[in-house]
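structure.txt (compact mmCIF, C-alpha atoms and all ligand atoms) appears below.
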```txt
# COMPACT_ATOMS: atom_id res chain seq x y z
CA MET A 1 5.88 -24.11 5.57
CA HIS A 2 5.96 -22.15 8.80
CA VAL A 3 5.78 -18.45 7.86
CA LEU A 4 6.42 -15.50 10.17
CA ILE A 5 4.82 -12.20 9.28
CA ILE A 6 6.20 -9.11 10.97
CA GLY A 7 2.96 -7.12 11.04
CA GLY A 8 0.22 -9.56 10.09
CA THR A 9 -2.90 -7.60 11.00
CA GLY A 10 -2.48 -4.80 8.46
CA THR A 11 -4.20 -4.33 5.14
CA ILE A 12 -1.93 -6.42 2.95
CA SER A 13 -0.63 -8.68 5.70
CA ARG A 14 -4.03 -9.84 6.97
CA ALA A 15 -4.82 -10.92 3.41
CA ILE A 16 -1.49 -12.79 3.28
CA VAL A 17 -2.37 -14.54 6.54
CA ARG A 18 -5.70 -15.68 5.06
CA GLU A 19 -4.06 -16.91 1.87
CA LEU A 20 -1.33 -18.80 3.76
CA LEU A 21 -3.95 -20.52 5.93
CA THR A 22 -6.04 -21.40 2.88
CA GLN A 23 -2.99 -23.07 1.38
CA GLY A 24 -2.35 -25.08 4.57
CA HIS A 25 0.70 -23.24 5.94
CA VAL A 26 1.47 -22.56 9.59
CA VAL A 27 1.43 -18.85 10.42
CA THR A 28 2.94 -16.75 13.19
CA VAL A 29 2.47 -12.98 13.31
CA TYR A 30 4.46 -10.41 15.28
CA ASN A 31 2.73 -7.12 16.14
CA ARG A 32 1.77 -4.80 18.99
CA GLY A 33 -1.88 -5.90 19.12
CA LEU A 34 -3.31 -2.45 18.44
CA ARG A 35 -5.64 -3.42 15.58
CA THR A 36 -9.30 -4.04 16.15
CA ASP A 37 -9.55 -7.18 14.00
CA ALA A 38 -7.76 -10.10 15.65
CA PRO A 39 -6.10 -12.67 13.39
CA PRO A 40 -7.85 -16.04 12.90
CA PRO A 41 -7.58 -18.30 15.98
CA GLU A 42 -5.22 -20.77 14.30
CA VAL A 43 -2.57 -18.04 13.94
CA GLU A 44 0.12 -17.82 16.60
CA VAL A 45 0.52 -14.22 17.80
CA ILE A 46 3.74 -12.86 19.25
CA ARG A 47 3.16 -9.49 20.90
CA GLY A 48 5.95 -6.97 20.60
CA ASP A 49 7.09 -3.68 19.15
CA ARG A 50 9.80 -3.92 16.56
CA SER A 51 11.05 -0.45 17.40
CA GLN A 52 12.22 -1.93 20.72
CA ARG A 53 15.02 -3.53 18.75
CA ALA A 54 16.77 -5.53 21.48
CA ALA A 55 13.56 -7.21 22.67
CA PHE A 56 12.31 -7.74 19.09
CA GLU A 57 15.54 -9.43 18.06
CA ALA A 58 15.89 -11.51 21.23
CA THR A 59 12.31 -12.79 20.95
CA LEU A 60 12.62 -13.90 17.35
CA GLN A 61 16.16 -15.29 17.72
CA GLN A 62 14.68 -18.01 19.96
CA ARG A 63 12.36 -19.18 17.18
CA THR A 64 12.62 -21.04 13.89
CA PHE A 65 10.60 -20.30 10.75
CA ASP A 66 10.99 -21.31 7.11
CA VAL A 67 10.11 -17.93 5.63
CA ALA A 68 9.65 -14.43 7.09
CA ILE A 69 7.65 -11.65 5.47
CA ASP A 70 8.53 -8.20 6.78
CA MET A 71 5.64 -5.77 6.31
CA ILE A 72 7.00 -2.93 8.42
CA SER A 73 10.61 -2.37 7.44
CA PHE A 74 11.02 1.25 6.39
CA THR A 75 14.73 1.98 6.85
CA ALA A 76 18.13 0.30 6.58
CA ASP A 77 18.19 0.10 10.39
CA ASP A 78 14.86 -1.81 10.36
CA ALA A 79 16.28 -4.21 7.76
CA ILE A 80 19.52 -4.73 9.71
CA SER A 81 17.46 -5.47 12.81
CA THR A 82 15.34 -8.05 10.95
CA ILE A 83 18.45 -9.85 9.73
CA ARG A 84 19.83 -9.89 13.28
CA ALA A 85 16.49 -11.21 14.57
CA LEU A 86 16.30 -14.04 12.03
CA PRO A 87 19.86 -15.20 11.35
CA ASN A 88 18.82 -18.62 10.03
CA ILE A 89 15.70 -17.84 8.03
CA GLY A 90 15.45 -19.61 4.66
CA GLN A 91 14.01 -16.58 2.86
CA LEU A 92 13.15 -13.05 3.89
CA ILE A 93 10.47 -11.30 1.84
CA GLN A 94 10.91 -7.55 2.29
CA THR A 95 7.92 -5.33 1.55
CA SER A 96 9.26 -2.40 -0.40
CA THR A 97 7.24 -0.10 -2.67
CA VAL A 98 6.97 1.30 -6.18
CA MET A 99 7.59 4.69 -4.52
CA THR A 100 11.28 3.74 -4.67
CA TYR A 101 11.08 4.85 -8.33
CA GLY A 102 9.81 8.36 -7.82
CA PRO A 103 8.38 10.89 -8.16
CA PRO A 104 9.35 11.78 -10.78
CA PHE A 105 8.45 8.55 -12.59
CA THR A 106 10.33 8.56 -15.83
CA ALA A 107 8.36 6.14 -18.04
CA LEU A 108 5.21 4.06 -18.39
CA PHE A 109 5.35 0.37 -17.40
CA GLN A 110 8.67 0.95 -15.67
CA ASP A 111 10.44 -2.28 -14.79
CA ILE A 112 12.72 -3.23 -11.91
CA ASP A 113 15.74 -1.59 -13.57
CA ALA A 114 14.09 1.88 -13.52
CA PRO A 115 16.03 4.69 -11.81
CA LEU A 116 15.45 4.80 -8.05
CA ASN A 117 14.26 8.42 -7.96
CA GLY A 118 12.47 7.69 -4.70
CA ARG A 119 15.88 7.77 -3.03
CA HIS A 120 15.73 11.57 -3.23
CA ASP A 121 12.43 12.12 -1.39
CA GLY A 122 14.16 12.15 1.97
CA GLY A 123 11.39 10.05 3.51
CA TYR A 124 9.37 6.98 2.62
CA GLY A 125 10.93 6.14 -0.76
CA ALA A 126 14.45 6.90 0.40
CA GLY A 127 14.09 4.70 3.47
CA LYS A 128 12.77 1.77 1.42
CA VAL A 129 15.61 2.15 -1.12
CA ALA A 130 18.15 2.02 1.73
CA ALA A 131 16.49 -1.04 3.32
CA ASP A 132 16.35 -2.87 -0.02
CA GLU A 133 19.97 -2.04 -0.83
CA TYR A 134 21.15 -3.32 2.53
CA LEU A 135 19.20 -6.56 2.19
CA LEU A 136 20.33 -7.28 -1.36
CA GLY A 137 23.92 -6.40 -0.41
CA GLN A 138 24.06 -8.80 2.53
CA ALA A 139 22.44 -11.54 0.40
CA ALA A 140 25.04 -11.03 -2.35
CA ALA A 141 27.71 -11.47 0.33
CA GLY A 142 26.30 -14.90 1.20
CA GLY A 143 23.83 -13.81 3.89
CA THR A 144 20.10 -14.33 4.17
CA PRO A 145 18.27 -14.97 0.86
CA VAL A 146 15.89 -12.10 0.17
CA THR A 147 13.02 -11.27 -2.15
CA ILE A 148 12.13 -7.60 -2.50
CA VAL A 149 8.41 -7.11 -3.23
CA LYS A 150 7.29 -3.73 -4.57
CA PRO A 151 3.49 -3.41 -4.47
CA SER A 152 1.55 -0.71 -6.26
CA PHE A 153 -1.40 0.98 -4.49
CA THR A 154 -2.92 -1.92 -2.52
CA PHE A 155 -6.16 -1.58 -0.66
CA GLY A 156 -8.68 -3.49 1.39
CA PRO A 157 -10.19 -3.65 4.86
CA GLY A 158 -7.83 -2.20 7.44
CA GLN A 159 -6.92 1.13 5.95
CA PRO A 160 -8.62 4.24 4.55
CA LEU A 161 -9.82 4.24 0.97
CA PHE A 162 -7.91 7.10 -0.60
CA ARG A 163 -8.94 9.37 -3.41
CA GLN A 164 -6.86 11.41 -5.81
CA VAL A 165 -6.33 14.66 -3.95
CA ASP A 166 -5.61 13.78 -0.30
CA TRP A 167 -5.27 10.97 2.23
CA GLY A 168 -8.67 11.54 3.87
CA THR A 169 -11.92 9.56 3.79
CA ASN A 170 -14.49 12.36 3.88
CA TRP A 171 -14.94 12.08 0.08
CA ILE A 172 -16.97 8.93 0.76
CA ASP A 173 -19.20 10.94 3.09
CA ARG A 174 -19.48 13.66 0.42
CA LEU A 175 -20.56 11.08 -2.18
CA ARG A 176 -23.10 9.61 0.21
CA LYS A 177 -24.53 13.09 0.86
CA GLY A 178 -24.83 13.88 -2.85
CA LYS A 179 -22.02 16.46 -2.81
CA PRO A 180 -19.51 16.93 -5.63
CA ILE A 181 -15.87 15.98 -5.09
CA ILE A 182 -12.78 17.72 -6.42
CA GLU A 183 -10.61 16.06 -9.02
CA ALA A 184 -7.23 17.51 -9.89
CA ASN A 185 -6.93 18.01 -13.65
CA GLU A 186 -10.04 15.87 -14.26
CA GLY A 187 -8.64 12.92 -12.31
CA ASP A 188 -6.83 11.76 -15.40
CA ASN A 189 -3.58 10.35 -13.99
CA TYR A 190 -3.21 6.58 -13.81
CA PHE A 191 -2.60 4.28 -10.84
CA GLN A 192 -2.53 0.49 -10.50
CA PHE A 193 -5.13 -0.23 -7.82
CA LEU A 194 -4.64 -3.73 -6.43
CA PRO A 195 -6.99 -5.57 -4.05
CA ALA A 196 -5.02 -6.82 -1.04
CA ALA A 197 -6.21 -10.40 -1.58
CA ASP A 198 -4.70 -10.39 -5.08
CA ALA A 199 -1.41 -9.05 -3.71
CA ALA A 200 -1.55 -11.80 -1.08
CA ARG A 201 -1.68 -14.56 -3.70
CA ALA A 202 1.50 -13.16 -5.21
CA TYR A 203 3.29 -13.03 -1.84
CA VAL A 204 2.31 -16.59 -0.99
CA ALA A 205 3.40 -17.85 -4.40
CA LEU A 206 6.84 -16.33 -3.74
CA CYS A 207 7.13 -17.97 -0.29
CA GLY A 208 9.72 -20.74 -0.36
CA MET A 209 10.53 -20.16 -4.03
CA GLN A 210 14.26 -20.45 -4.55
CA ALA A 211 14.03 -18.78 -7.96
CA ALA A 212 12.76 -15.67 -6.14
CA HIS A 213 15.91 -15.30 -4.03
CA GLN A 214 17.74 -12.03 -4.67
CA ARG A 215 14.95 -10.88 -6.98
CA ILE A 216 13.00 -7.64 -7.05
CA VAL A 217 9.36 -8.36 -7.84
CA HIS A 218 6.62 -5.89 -8.77
CA VAL A 219 3.23 -6.83 -7.35
CA VAL A 220 1.09 -4.44 -9.36
CA ASN A 221 -2.24 -4.50 -11.11
CA PRO A 222 -1.40 -5.02 -14.80
CA THR A 223 -4.39 -2.87 -15.75
CA PRO A 224 -3.96 0.84 -14.93
CA THR A 225 -7.00 2.87 -13.89
CA THR A 226 -7.45 6.65 -13.75
CA TRP A 227 -8.47 8.31 -10.54
CA HIS A 228 -11.66 9.43 -12.27
CA GLN A 229 -12.48 5.78 -13.01
CA TRP A 230 -11.67 4.96 -9.38
CA HIS A 231 -14.03 7.65 -8.07
CA THR A 232 -16.67 6.37 -10.51
CA ILE A 233 -16.34 2.85 -9.14
CA ALA A 234 -16.75 4.11 -5.57
CA ALA A 235 -19.86 6.12 -6.51
CA GLU A 236 -21.36 3.05 -8.22
CA VAL A 237 -20.64 0.94 -5.15
CA LEU A 238 -22.38 3.55 -2.99
CA GLY A 239 -25.27 3.75 -5.46
CA VAL A 240 -24.93 7.50 -5.98
CA PRO A 241 -24.23 9.64 -9.04
CA LEU A 242 -20.64 10.89 -9.26
CA GLN A 243 -20.39 14.67 -9.43
CA THR A 244 -16.90 16.04 -9.91
CA VAL A 245 -15.40 19.50 -10.18
CA SER A 246 -12.08 19.70 -11.98
CA VAL A 247 -9.53 21.98 -10.33
CA PRO A 248 -6.00 22.55 -11.62
CA TRP A 249 -3.42 20.85 -9.41
CA ASP A 250 -1.51 24.10 -8.77
CA VAL A 251 -4.69 25.85 -7.63
CA LEU A 252 -5.27 23.13 -5.03
CA VAL A 253 -1.70 23.41 -3.79
CA ALA A 254 -2.06 27.19 -3.65
CA ALA A 255 -5.31 26.80 -1.66
CA ASP A 256 -3.70 24.59 0.99
CA ALA A 257 -0.27 23.15 0.25
CA LYS A 258 -0.29 20.88 3.30
CA ARG A 259 -3.78 19.50 2.73
CA TYR A 260 -3.01 18.76 -0.93
CA SER A 261 0.63 17.70 -0.48
CA ALA A 262 -0.28 14.11 -1.43
CA LEU A 263 -0.79 15.30 -4.99
CA THR A 264 2.83 16.39 -5.25
CA THR A 265 4.41 13.58 -3.29
CA CYS A 266 2.40 10.66 -4.68
CA LEU A 267 -1.20 10.64 -5.80
CA GLY A 268 -1.08 13.23 -8.59
CA HIS A 269 1.54 11.38 -10.65
CA THR A 270 0.78 8.73 -13.22
CA GLN A 271 2.38 5.56 -11.84
CA ILE A 272 2.43 2.53 -14.10
CA PHE A 273 4.85 -0.33 -13.48
CA SER A 274 5.46 -3.54 -15.36
CA PRO A 275 4.19 -6.78 -13.77
CA GLN A 276 6.79 -8.79 -15.74
CA SER A 277 9.11 -9.51 -12.78
CA LEU A 278 6.24 -11.33 -11.05
CA LEU A 279 4.98 -13.07 -14.19
CA ASP A 280 8.50 -14.42 -14.85
CA LEU A 281 8.24 -16.26 -11.52
CA VAL A 282 4.48 -16.85 -11.24
CA PRO A 283 3.22 -16.91 -14.85
CA ASP A 284 -0.42 -17.61 -14.00
CA TRP A 285 -0.80 -14.76 -11.49
CA GLN A 286 -3.35 -12.11 -12.29
CA PRO A 287 -5.82 -10.15 -10.18
CA HIS A 288 -9.07 -12.09 -9.67
CA ILE A 289 -11.09 -9.63 -7.63
CA PRO A 290 -13.09 -6.95 -9.43
CA LEU A 291 -12.14 -3.49 -8.14
CA ALA A 292 -15.79 -2.80 -7.33
CA SER A 293 -16.01 -5.84 -4.99
CA ALA A 294 -12.83 -4.87 -3.18
CA VAL A 295 -13.95 -1.23 -2.90
CA ALA A 296 -17.32 -2.40 -1.52
CA GLU A 297 -15.61 -4.62 1.06
CA THR A 298 -13.31 -1.77 2.10
CA ILE A 299 -16.15 0.75 2.46
CA GLU A 300 -18.08 -1.82 4.49
CA TRP A 301 -15.09 -2.22 6.83
CA LEU A 302 -14.57 1.54 7.11
CA THR A 303 -18.24 2.07 7.90
CA ALA A 304 -18.34 -0.72 10.49
CA ASN A 305 -15.23 0.70 12.15
CA ASN A 306 -16.47 4.29 12.07
CA ARG A 307 -13.48 5.34 9.94
CA ILE A 308 -15.26 7.57 7.40
CA ASP A 309 -14.74 11.22 8.27
CA ASP A 310 -17.68 13.63 8.38
CA CYS A 311 -17.36 16.08 5.50
CA ALA A 312 -19.10 18.79 7.55
CA THR A 313 -15.92 19.18 9.58
CA ASP A 314 -13.99 20.12 6.44
CA PRO A 315 -15.49 23.12 4.64
CA LEU A 316 -12.46 23.83 2.39
CA GLU A 317 -13.65 21.58 -0.44
CA ASP A 318 -17.02 23.37 -0.62
CA ARG A 319 -15.21 26.71 -0.68
CA ILE A 320 -12.91 25.68 -3.52
CA ILE A 321 -15.82 24.24 -5.51
CA ALA A 322 -17.85 27.44 -5.02
CA ALA A 323 -14.88 29.55 -6.12
CA MET A 324 -14.31 27.42 -9.24
CA ARG A 325 -17.99 27.68 -10.18
CA GLN A 326 -17.94 31.42 -9.65
CA LEU A 327 -14.80 31.75 -11.81
CA ARG A 328 -16.36 29.69 -14.60
CA GLY A 329 -19.50 31.81 -14.31
CA THR A 330 -17.39 34.96 -14.67
CA PHE A 331 -16.18 33.89 -18.09
CA HIS A 332 -19.43 32.39 -19.27
CA THR A 333 -20.99 34.31 -22.17
CA PRO A 334 -24.57 33.31 -22.97
N1 LIG B 1 -0.96 -0.34 0.84
C1 LIG B 1 -0.24 0.10 -0.15
O1 LIG B 1 -0.74 0.72 -1.10
C2 LIG B 1 1.24 -0.22 -0.18
C3 LIG B 1 1.93 -0.03 -1.39
C4 LIG B 1 3.29 -0.29 -1.41
C5 LIG B 1 3.93 -0.76 -0.28
N2 LIG B 1 3.24 -0.92 0.87
C6 LIG B 1 3.96 -1.39 2.06
O2 LIG B 1 3.19 -2.38 2.68
C7 LIG B 1 3.52 -2.40 4.07
C8 LIG B 1 2.25 -2.28 4.86
O3 LIG B 1 1.66 -3.56 4.95
P1 LIG B 1 0.24 -3.77 5.62
O4 LIG B 1 -0.79 -3.22 4.68
O5 LIG B 1 0.08 -5.14 6.06
O6 LIG B 1 0.44 -2.83 6.90
P2 LIG B 1 -0.45 -1.86 7.71
O7 LIG B 1 -1.87 -1.90 7.32
O8 LIG B 1 0.29 -0.58 7.78
O9 LIG B 1 -0.31 -2.61 9.13
C9 LIG B 1 0.92 -2.67 9.81
C10 LIG B 1 1.06 -3.98 10.56
O10 LIG B 1 2.26 -3.95 11.33
C11 LIG B 1 1.97 -3.93 12.73
N3 LIG B 1 2.88 -2.96 13.32
C12 LIG B 1 2.96 -1.63 13.05
N4 LIG B 1 3.96 -1.07 13.75
C13 LIG B 1 4.53 -2.05 14.48
C14 LIG B 1 5.62 -2.11 15.39
N5 LIG B 1 6.34 -1.01 15.71
N6 LIG B 1 5.95 -3.29 15.94
C15 LIG B 1 5.24 -4.41 15.64
N7 LIG B 1 4.21 -4.43 14.77
C16 LIG B 1 3.85 -3.27 14.22
C17 LIG B 1 0.50 -3.55 12.82
O11 LIG B 1 -0.13 -4.08 13.97
P3 LIG B 1 -0.10 -3.24 15.35
O12 LIG B 1 -0.47 -1.83 15.02
O13 LIG B 1 -1.09 -3.95 16.20
O14 LIG B 1 1.30 -3.36 15.87
C18 LIG B 1 -0.05 -4.24 11.57
O15 LIG B 1 -0.15 -5.62 11.77
C19 LIG B 1 4.43 -1.21 4.32
O16 LIG B 1 5.77 -1.65 4.36
C20 LIG B 1 4.20 -0.34 3.11
O17 LIG B 1 5.34 0.44 2.82
C21 LIG B 1 1.90 -0.66 0.95
```
Here is the file; what I need is its structure written in the form of structure tokens.
Amino acid sequence: MHVLIIGGTGTISRAIVRELLTQGHVVTVYNRGLRTDAPPPEVEVIRGDRSQRAAFEATLQQRTFDVAIDMISFTADDAISTIRALPNIGQLIQTSTVMTYGPPFTALFQDIDAPLNGRHDGGYGAGKVAADEYLLGQAAAGGTPVTIVKPSFTFGPGQPLFRQVDWGTNWIDRLRKGKPIIEANEGDNYFQFLPAADAARAYVALCGMQAAHQRIVHVVNPTPTTWHQWHTIAAEVLGVPLQTVSVPWDVLVAADAKRYSALTTCLGHTQIFSPQSLLDLVPDWQPHIPLASAVAETIEWLTANNRIDDCATDPLEDRIIAAMRQLRGTFHTP
């Protein structure tokens, strides 16, 4: 198969490129060329910016591919543009997200029929819901066959390694320097951390699969992990003891609502989704890569690319930890 990836040098998409090449497919990627890691030499690269819609569509309309995987479609307008760009594609795989379901997330192991609460967030989830709805609607009307993939938290080289309370990377620096890190409510909410290479095997299995047309597919780690377990894995990878200080979620938000907004919008919620929609189509799929190996590879990439923030530039965490210790000391009776 000849597969086009819109994106192709990102975290998930670079792993898809590798998997497609391993399986002997021909790969073309479309991106702006801003990433430091170039794709493998056998990959054809088309340079362009999809937000320049006329040029993006005209460039791709001149080409023929069997399958297209769209990694950077965030709105209905993006999705409409992709369909215009690829009027004759055999299958379009749209990268959506489990954030289409919330927050709030209404159940554990939610399946593809869960309420689309993400449509109310006004941003990321809402845009993905609108893109997915457009794509499925045009397919139902006899248009381009689509597969909607909804990954859970997927990580690997190419993007920061997040922790529970914010989107920064200085927690890795804190661990390395023997400093404690904050956990909200003991880091006890669950996520489904998925190595990008495992997600890639799912994407590639869906490529060219007619049974996947007009299907919504969860690409999620079947085994949920708490954020405390996640922090523990990172500390083990770094070879340092994990020291944590538990802080109530609302105290963190009161300390700095912007800094800790990720807790409210995403990271602080237990998010567990059923893998059944993928297993129905690809019964033998399961993650192969231990989380620790994938975390190690990601930290190695972040270090090599100077992407780990210096914790000295961010004194707030030390201040909150000191205040929590003082408060606990206040109530301590020997
Ligand atoms: N990682 C997760 O936990 C997760 C979970 C659920 C869903 N998702 C979805 O996964 C997708 C991200 O995939 P990824 O990890 O491969 O992406 P990524 O790491 O965000 O990389 C984005 C890719 O798209 C290219 N790109 C960005 N803007 C572009 C533009 N305007 N025109 C052309 N190319 C552009 C980038 O290269 P250049 O910068 O060089 O252009 C890069 O190749 C998103 O749709 C996201 O919603 C991710």
Between A:Arg307, A:Lys150, A:Arg53, A:Arg176, single out the one closest to ligand LIG 1 (chain B), counting only C-alpha atoms and all ligand atoms.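 Ranking A:Arg307, A:Lys150, A:Arg53, A:Arg176 by distance to ligand LIG 1 (chain B), first place goes to A:Lys150.
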Which distance in Å separates atom CA of Gln138 of chain A and atom CA of Val217 of chain A, to one decimal?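 Interatomic distance, atom CA of Gln138 of chain A to atom CA of Val217 of chain A: 18.0 Å.
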Check which residues fall inside 9 Å of ligand LIG 1 (chain B) when counting only C-alpha atoms and all ligand atoms, and print them as a count of residues only. 56
What does the structure give for the distance between atom CA of Ile172 of chain A and atom CA of Asp310 of chain A, in Å to one decimal?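 Value for the atom CA of Ile172 of chain A-atom CA of Asp310 of chain A distance: 9.0 Å.
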What lies within 8 Å of Tyr190 of chain A using only C-alpha atoms, ignoring chain neighbours under 4 positions off, as a PDB file with C-alpha atoms, in the coordinates of the input?
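Produced file result_37.pdb, reproduced below:
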```
ATOM      1  CA  PRO A 224      -3.960   0.840 -14.930  1.00  0.00           C
ATOM      2  CA  THR A 225      -7.000   2.870 -13.890  1.00  0.00           C
ATOM      3  CA  THR A 226      -7.450   6.650 -13.750  1.00  0.00           C
ATOM      4  CA  TRP A 227      -8.470   8.310 -10.540  1.00  0.00           C
ATOM      5  CA  HIS A 269       1.540  11.380 -10.650  1.00  0.00           C
ATOM      6  CA  THR A 270       0.780   8.730 -13.220  1.00  0.00           C
ATOM      7  CA  GLN A 271       2.380   5.560 -11.840  1.00  0.00           C
ATOM      8  CA  ILE A 272       2.430   2.530 -14.100  1.00  0.00           C
TER       9      ILE A 272
END
```
Can you list, as a list in words, every protein, DNA or RNA residue that comes within 8 Å of Leu175 of chain A when you count only C-alpha atoms, leaving out same-chain residues fewer than 2 positions away? Trp171, Ile172, Asp173, Lys177, Gly178, Lys179, Pro180, Ile181, Ala235, Leu238, Val240, Pro241 and Leu242 of chain A
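Comparing A:Ile299, A:Thr232, A:Gly168, A:Arg201 by their smallest distance to Thr22 of chain A, the closest is A:Arg201 (using all atoms listed in the file).
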Quick one, how far is atom CA of Val295 of chain A from atom CA of Glu183 of chain A?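 Atom CA of Glu183 of chain A lies 18.6 Å from atom CA of Val295 of chain A.
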Let me make sure I understand: among A:Val247, A:Ala184, A:Ala234, A:Ala38, which one has the smallest atom-to-atom distance to Gly268 of chain A if we use all atoms listed in the file? A:Ala184
Near Val251 of chain A, counting all atoms listed in the file, which residues have an atom at most 10 Å away, once you skip same-chain residues fewer than 6 positions from it, shown as a PyMOL selection string? chain A and resi 184+257+260+320+324
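Candidate residues A:Val220, A:Val17, A:Leu60, A:Val43 were compared for distance to Ile112 of chain A, and the nearest is A:Val220, using all atoms listed in the file.
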Identify, on the basis of only C-alpha atoms, every residue whose closest approach to Asp111 of chain A does not exceed 10 Å; exclude the query and any residue fewer than 5 positions from it along the same chain; express the result as a ChimeraX atom specification. /A:98,101,216-218,272-277
